[in-house]
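The structure file data08.txt is reproduced below (compact mmCIF, C-alpha atoms and all ligand atoms).
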```
# COMPACT_ATOMS: atom_id res chain seq x y z
CA MET Y 1 3.17 -25.69 5.36
CA LEU Y 2 2.89 -21.91 5.54
CA LYS Y 3 6.30 -20.36 6.21
CA GLY Y 4 6.03 -16.89 4.73
CA VAL Y 5 3.67 -14.15 3.57
CA ILE Y 6 4.48 -11.60 0.89
CA PHE Y 7 2.43 -8.42 1.07
CA ASP Y 8 1.67 -5.78 -1.49
CA LEU Y 9 1.50 -2.35 0.16
CA ASP Y 10 -0.84 0.10 -1.56
CA GLY Y 11 -4.42 -1.11 -1.11
CA VAL Y 12 -3.48 -4.07 1.11
CA ILE Y 13 -1.65 -2.64 4.12
CA THR Y 14 -2.97 0.89 3.80
CA ASP Y 15 -5.36 2.76 1.55
CA THR Y 16 -2.73 4.74 -0.38
CA ALA Y 17 -4.32 3.45 -3.61
CA GLU Y 18 -6.85 6.27 -3.19
CA TYR Y 19 -4.07 8.91 -2.83
CA HIS Y 20 -2.24 7.58 -5.90
CA TYR Y 21 -5.54 7.98 -7.78
CA GLN Y 22 -6.12 11.53 -6.53
CA ALA Y 23 -2.58 12.61 -7.44
CA TRP Y 24 -2.75 11.06 -10.92
CA ALA Y 25 -6.25 12.44 -11.60
CA HIS Y 26 -5.02 15.92 -10.64
CA LEU Y 27 -1.96 15.73 -12.88
CA ALA Y 28 -3.92 14.22 -15.77
CA ASN Y 29 -6.48 17.01 -15.49
CA GLU Y 30 -3.71 19.63 -15.70
CA ILE Y 31 -2.61 18.23 -19.06
CA GLY Y 32 -6.16 17.87 -20.36
CA ILE Y 33 -6.72 14.17 -19.72
CA LYS Y 34 -9.66 12.79 -17.75
CA ILE Y 35 -9.25 9.56 -15.82
CA ASP Y 36 -11.86 7.84 -13.70
CA LYS Y 37 -11.84 5.09 -11.08
CA LYS Y 38 -12.46 2.41 -13.66
CA PHE Y 39 -9.39 3.44 -15.66
CA ASN Y 40 -7.43 3.72 -12.41
CA GLU Y 41 -7.76 -0.04 -11.87
CA ASN Y 42 -5.20 -0.40 -14.69
CA LEU Y 43 -2.68 1.70 -12.75
CA LYS Y 44 -2.75 -0.38 -9.57
CA GLY Y 45 0.54 -2.20 -9.04
CA ILE Y 46 2.13 -0.46 -12.02
CA SER Y 47 5.28 1.67 -11.63
CA ARG Y 48 5.19 5.45 -11.66
CA MET Y 49 6.58 5.90 -15.19
CA GLU Y 50 4.49 3.09 -16.64
CA SER Y 51 1.40 4.64 -15.05
CA LEU Y 52 2.21 7.97 -16.70
CA GLU Y 53 2.65 6.25 -20.08
CA LEU Y 54 -0.76 4.56 -19.70
CA ILE Y 55 -2.41 7.88 -18.82
CA LEU Y 56 -0.82 9.65 -21.81
CA LYS Y 57 -1.91 6.85 -24.11
CA HIS Y 58 -5.44 7.01 -22.65
CA GLY Y 59 -5.51 10.75 -23.52
CA ASN Y 60 -4.03 10.21 -27.01
CA LYS Y 61 -0.90 12.09 -25.92
CA ALA Y 62 1.59 9.23 -26.02
CA ASP Y 63 4.01 11.23 -28.18
CA ALA Y 64 3.31 14.71 -26.84
CA TYR Y 65 6.19 14.91 -24.34
CA THR Y 66 9.95 14.41 -24.33
CA LYS Y 67 11.58 12.00 -21.89
CA GLU Y 68 12.65 14.92 -19.67
CA GLU Y 69 9.12 16.36 -19.66
CA LYS Y 70 7.72 12.96 -18.69
CA ILE Y 71 10.17 12.71 -15.80
CA ALA Y 72 9.07 16.18 -14.68
CA LEU Y 73 5.39 15.14 -14.86
CA ALA Y 74 6.05 11.97 -12.84
CA ASP Y 75 7.98 14.00 -10.26
CA LYS Y 76 5.10 16.43 -10.00
CA LYS Y 77 2.66 13.62 -9.35
CA ASN Y 78 5.00 12.11 -6.76
CA ASN Y 79 5.42 15.41 -4.92
CA HIS Y 80 1.67 15.84 -4.74
CA TYR Y 81 1.28 12.21 -3.62
CA LYS Y 82 3.89 12.69 -0.88
CA GLU Y 83 2.01 15.77 0.27
CA LEU Y 84 -1.21 13.72 0.49
CA ILE Y 85 0.39 10.92 2.54
CA LYS Y 86 2.38 13.21 4.84
CA LYS Y 87 -0.11 12.95 7.68
CA MET Y 88 -0.33 9.15 7.61
CA THR Y 89 0.00 7.41 10.95
CA LYS Y 90 -0.65 4.01 12.52
CA LYS Y 91 -4.37 4.81 12.26
CA ASP Y 92 -4.15 4.43 8.50
CA ILE Y 93 -3.31 0.72 8.62
CA LEU Y 94 -6.22 -1.17 7.04
CA PRO Y 95 -8.43 -3.24 9.41
CA GLY Y 96 -6.97 -6.58 10.49
CA ILE Y 97 -3.50 -6.00 9.07
CA GLU Y 98 -1.62 -5.12 12.23
CA ASN Y 99 -3.18 -8.06 14.05
CA LEU Y 100 -2.19 -10.33 11.15
CA LEU Y 101 1.42 -9.08 11.19
CA GLN Y 102 1.60 -9.71 14.93
CA GLU Y 103 0.12 -13.22 14.59
CA LEU Y 104 2.57 -14.05 11.78
CA LYS Y 105 5.50 -12.90 13.93
CA ASN Y 106 4.23 -14.93 16.91
CA ASN Y 107 4.14 -18.01 14.67
CA ASN Y 108 7.60 -17.44 13.17
CA ILE Y 109 6.22 -16.78 9.71
CA LYS Y 110 8.55 -14.72 7.50
CA ILE Y 111 7.14 -11.43 6.24
CA ALA Y 112 8.16 -9.63 3.04
CA LEU Y 113 6.99 -6.56 1.14
CA ALA Y 114 6.70 -6.68 -2.66
CA SER Y 115 5.52 -3.21 -3.58
CA ALA Y 116 6.26 -1.35 -6.81
CA SER Y 117 6.29 1.85 -4.79
CA ARG Y 118 9.54 3.68 -4.19
CA ASN Y 119 7.78 5.30 -1.24
CA GLY Y 120 7.25 1.90 0.43
CA PRO Y 121 9.93 2.05 3.17
CA MET Y 122 8.84 5.56 4.15
CA ILE Y 123 5.19 4.46 4.40
CA LEU Y 124 6.07 1.43 6.55
CA LYS Y 125 7.86 3.85 8.88
CA SER Y 126 4.90 6.23 9.07
CA LEU Y 127 2.64 3.29 9.92
CA GLU Y 128 5.21 2.09 12.51
CA ILE Y 129 5.26 -1.45 11.14
CA GLU Y 130 8.70 -1.58 9.48
CA ASP Y 131 10.09 -3.90 12.19
CA PHE Y 132 7.65 -6.66 11.22
CA PHE Y 133 9.29 -7.04 7.81
CA ASP Y 134 12.11 -9.53 7.31
CA TYR Y 135 12.65 -8.27 3.76
CA VAL Y 136 11.50 -5.31 1.67
CA VAL Y 137 12.04 -5.54 -2.09
CA ASN Y 138 13.72 -2.49 -3.58
CA PRO Y 139 11.64 -1.96 -6.76
CA VAL Y 140 14.49 0.05 -8.32
CA HIS Y 141 16.36 -3.24 -8.76
CA ILE Y 142 13.43 -5.10 -10.35
CA LYS Y 143 13.73 -5.20 -14.12
CA ASN Y 144 10.19 -6.21 -15.07
CA GLY Y 145 7.31 -4.78 -13.06
CA LYS Y 146 4.01 -6.51 -12.20
CA PRO Y 147 2.38 -8.50 -13.87
CA ALA Y 148 5.85 -10.05 -14.39
CA PRO Y 149 6.71 -12.35 -11.46
CA ASP Y 150 10.15 -10.75 -10.80
CA ILE Y 151 9.23 -8.76 -7.69
CA PHE Y 152 7.69 -11.80 -5.96
CA LEU Y 153 10.64 -14.01 -6.97
CA ASP Y 154 12.98 -11.44 -5.42
CA ALA Y 155 10.88 -11.43 -2.24
CA LEU Y 156 11.09 -15.25 -2.07
CA LYS Y 157 14.88 -15.02 -2.30
CA GLY Y 158 14.94 -12.32 0.35
CA ILE Y 159 13.15 -14.52 2.87
CA ASN Y 160 14.85 -17.67 1.60
CA LEU Y 161 11.65 -19.63 0.93
CA LYS Y 162 10.14 -21.60 -1.94
CA ALA Y 163 6.99 -20.54 -3.78
CA TYR Y 164 4.92 -23.38 -2.26
CA GLU Y 165 5.78 -22.23 1.27
CA VAL Y 166 4.25 -18.77 0.99
CA ILE Y 167 1.09 -16.82 0.28
CA GLY Y 168 1.00 -13.51 -1.59
CA ILE Y 169 -1.61 -10.84 -0.89
CA GLU Y 170 -2.57 -8.27 -3.54
CA ASP Y 171 -5.33 -5.81 -4.44
CA ALA Y 172 -4.30 -5.30 -8.08
CA ILE Y 173 -5.11 -7.42 -11.11
CA ALA Y 174 -1.48 -7.05 -12.28
CA GLY Y 175 -0.29 -8.00 -8.80
CA VAL Y 176 -2.35 -11.19 -8.61
CA GLU Y 177 -0.99 -12.19 -12.01
CA ALA Y 178 2.58 -11.56 -10.81
CA ILE Y 179 1.99 -13.76 -7.74
CA LYS Y 180 0.55 -16.55 -9.89
CA ARG Y 181 3.40 -16.36 -12.39
CA ALA Y 182 5.83 -16.74 -9.48
CA GLY Y 183 4.01 -19.99 -8.62
CA ILE Y 184 2.64 -18.63 -5.34
CA ILE Y 185 -0.89 -18.95 -3.87
CA ALA Y 186 -2.66 -15.59 -4.24
CA ILE Y 187 -5.18 -13.94 -1.97
CA GLY Y 188 -6.92 -11.02 -3.66
CA VAL Y 189 -8.37 -8.15 -1.67
CA GLY Y 190 -11.38 -7.09 -3.70
CA VAL Y 191 -10.01 -8.81 -6.81
CA LYS Y 192 -10.18 -12.29 -8.28
CA ALA Y 193 -7.38 -14.59 -7.11
CA ASP Y 194 -7.02 -18.17 -5.79
CA VAL Y 195 -8.97 -16.88 -2.81
CA ARG Y 196 -10.78 -13.55 -2.80
CA VAL Y 197 -11.65 -11.54 0.30
CA ASN Y 198 -13.74 -8.40 0.21
CA SER Y 199 -11.88 -6.69 3.04
CA THR Y 200 -8.56 -7.01 4.86
CA GLU Y 201 -10.69 -7.58 7.97
CA GLU Y 202 -11.12 -11.18 6.80
CA LEU Y 203 -7.37 -11.83 6.95
CA ASN Y 204 -5.89 -13.56 10.00
CA TYR Y 205 -3.34 -16.28 10.70
CA ASP Y 206 -5.85 -19.18 10.92
CA PHE Y 207 -7.45 -18.12 7.65
CA LEU Y 208 -4.08 -18.04 5.88
CA VAL Y 209 -3.10 -21.46 7.26
CA LYS Y 210 -6.39 -22.87 5.93
CA VAL Y 211 -5.79 -21.31 2.51
CA ALA Y 212 -2.24 -22.75 2.42
CA GLU Y 213 -3.52 -26.20 3.45
CA SER Y 214 -6.25 -26.23 0.83
CA TYR Y 215 -3.69 -25.66 -1.92
CA THR Y 216 -1.16 -28.34 -0.94
C1 LIG G 301 2.14 0.59 -6.49
C2 LIG G 301 0.82 1.29 -6.70
O1 LIG G 301 2.14 -0.04 -5.25
O2 LIG G 301 3.22 1.52 -6.54
C3 LIG G 301 0.85 2.08 -8.00
O3 LIG G 301 -0.22 0.33 -6.75
C4 LIG G 301 2.04 3.02 -7.99
O4 LIG G 301 -0.35 2.79 -8.12
C5 LIG G 301 3.33 2.22 -7.77
O5 LIG G 301 2.13 3.71 -9.22
C6 LIG G 301 4.57 3.10 -7.72
O6 LIG G 301 4.51 3.93 -6.60
P1 LIG G 301 5.46 5.16 -6.32
O7 LIG G 301 5.17 5.50 -4.88
O8 LIG G 301 6.87 4.66 -6.50
O9 LIG G 301 5.12 6.22 -7.28
MG MG G 302 -1.70 -2.58 -4.42
```

Starting from the file, lay out its structure as C-alpha cells.
Ligand code: BG6
Ligand code: MG
Amino acid sequence: MLKGVIFDLDGVITDTAEYHYQAWAHLANEIGIKIDKKFNENLKGISRMESLELILKHGNKADAYTKEEKIALADKKNNHYKELIKKMTKKDILPGIENLLQELKNNNIKIALASASRNGPMILKSLEIEDFFDYVVNPVHIKNGKPAPDIFLDALKGINLKAYEVIGIEDAIAGVEAIKRAGIIAIGVGVKADVRVNSTEELNYDFLVKVAESYT
C-alpha cells in the first residue's frame, strides 16, 4: 500500500535543471571548457563539488586548480545560479506537481524531499510548497551522494516508512539508481526507471497508486 512519496527537486518539481546547466556552462566557458546538454545529463543529481570535478575532468583540467580555487569556482557558479532562480515563483512549479502534492496530502500520504541541492529549502519556499513536506533531507549530512542510496534511505527514516511503502520520483539517471539501490519503486521523468513518464503532467495520485499496486 502506498504510504509515502519521495521527490527529487530539480527537474521534477521545478525546471531548475535548466538553470543549473546555464550556470555551469557559463563557468566552464570562463575557464576554457565547453559543455553541452548531453554532457550535462551526467551532472543531474550530482552535488555541486562533484559536478565541478566532472567538468574539470571533461576539460582535461582535473589537476589545474587547488582545493581553495575549486571552492571559489563552485561558489561562483552557485552565486550565478542563485541570481538565475531569484525570480522563481509558484508559476515555476512543473505541470501536475501542485495538484499531486495536494492529492497526496488529502490521502494522508507522507511527502519527503531527497534533493542533493543545498538550495532546496529556499526553492520550496519560493514555490510556496514547503508546507506540503513532512521531511526534507539535509544533503550536507549525507555522506555518499546519488547514485548511492543514502539520501533516499535518510528520507525513509525521516517519514518513518519502509522502502516497499513508498515511491521515489526522479529525473536523473543517478537519482533513479539511488532510488533502486534503496529498494524503492522508481518513477523516472524523462528517464528510464521502473515506470517512465515523459512529463510531470502524467503524475497524479491514482497513477501512483496503480504503480505501487503493480509492484507489490
Ligand atoms: C541536484 C541537481 O538536485 O542538486 C544538480 O540535479 C546540482 O544539478 C545539485 O548540482 C546540487 O545543487 P546545489 O543547489 O546545492 O548546487
Ligand atoms: Mg533532478

(request) Could you tell me which of Y:Leu208, Y:Asp131, Y:Gly45, Y:Met1 comes closest to Ala178 in chain Y if we count all atoms listed in the file? (result)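 Among the listed residues, Y:Gly45 lies closest to Ala178 in chain Y.
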
(request) For atom O7 of ligand LIG 301 (chain G) and CA of Ala17 in chain Y, determine how far apart the two atoms are, in Å to one decimal place. (result) 9.8 Å

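Remark: for Ala62 in chain Y, the closest of the candidate residues Y:Val12, Y:Lys125, Y:Asn40, Y:Glu50 is Y:Glu50 (distances computed over all atoms listed in the file).
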
(request) Tell me which of Y:Asp8, Y:Glu177, Y:Glu103, Y:Asp154 sits closest to ligand LIG 301 (chain G), counting only C-alpha atoms and all ligand atoms. (result) Y:Asp8

(message) Here is a test: counting all atoms listed in the file, which residue of Y:His141, Y:His20, Y:Lys76, Y:Lys70 is nearest to Lys44 in chain Y?
(response) Y:His20

Show me a table, sorted first by chain and then by increasing residue number, of the residues of chain Y having an atom at most 7 Å from ligand LIG 301 (chain G), each with its shortest atom pair and the distance in Å to one decimal, counting all atoms listed in the file and written as CSV.
```
residue,atom,partner,partner_atom,distance
Y:Asp8,CA,G:LIG301,O1,6.9
Y:Leu9,CA,G:LIG301,O1,5.9
Y:Asp10,CA,G:LIG301,O1,4.7
Y:Ala17,CA,G:LIG301,O3,6.0
Y:His20,CA,G:LIG301,O4,5.6
Y:Leu43,CA,G:LIG301,O4,5.3
Y:Lys44,CA,G:LIG301,O3,3.9
Y:Gly45,CA,G:LIG301,O3,3.5
Y:Ile46,CA,G:LIG301,C3,4.9
Y:Ser47,CA,G:LIG301,C6,4.2
Y:Arg48,CA,G:LIG301,O5,4.3
Y:Ser51,CA,G:LIG301,O5,5.9
Y:Asn78,CA,G:LIG301,O9,5.9
Y:Ser115,CA,G:LIG301,O1,4.9
Y:Ala116,CA,G:LIG301,O2,4.2
Y:Ser117,CA,G:LIG301,O6,3.3
Y:Arg118,CA,G:LIG301,O8,3.7
Y:Asn119,CA,G:LIG301,O7,4.5
Y:Gly120,CA,G:LIG301,O7,6.7
```

Take the residues just selected and output them with C-alpha atoms as a JSON list (two decimals), in the frame of the given file.
```
[["chain", "number", "residue", "atom", "x", "y", "z"],
["Y", 8, "ASP", "CA", 1.67, -5.78, -1.49],
["Y", 9, "LEU", "CA", 1.50, -2.35, 0.16],
["Y", 10, "ASP", "CA", -0.84, 0.10, -1.56],
["Y", 17, "ALA", "CA", -4.32, 3.45, -3.61],
["Y", 20, "HIS", "CA", -2.24, 7.58, -5.90],
["Y", 43, "LEU", "CA", -2.68, 1.70, -12.75],
["Y", 44, "LYS", "CA", -2.75, -0.38, -9.57],
["Y", 45, "GLY", "CA", 0.54, -2.20, -9.04],
["Y", 46, "ILE", "CA", 2.13, -0.46, -12.02],
["Y", 47, "SER", "CA", 5.28, 1.67, -11.63],
["Y", 48, "ARG", "CA", 5.19, 5.45, -11.66],
["Y", 51, "SER", "CA", 1.40, 4.64, -15.05],
["Y", 78, "ASN", "CA", 5.00, 12.11, -6.76],
["Y", 115, "SER", "CA", 5.52, -3.21, -3.58],
["Y", 116, "ALA", "CA", 6.26, -1.35, -6.81],
["Y", 117, "SER", "CA", 6.29, 1.85, -4.79],
["Y", 118, "ARG", "CA", 9.54, 3.68, -4.19],
["Y", 119, "ASN", "CA", 7.78, 5.30, -1.24],
["Y", 120, "GLY", "CA", 7.25, 1.90, 0.43]]
```
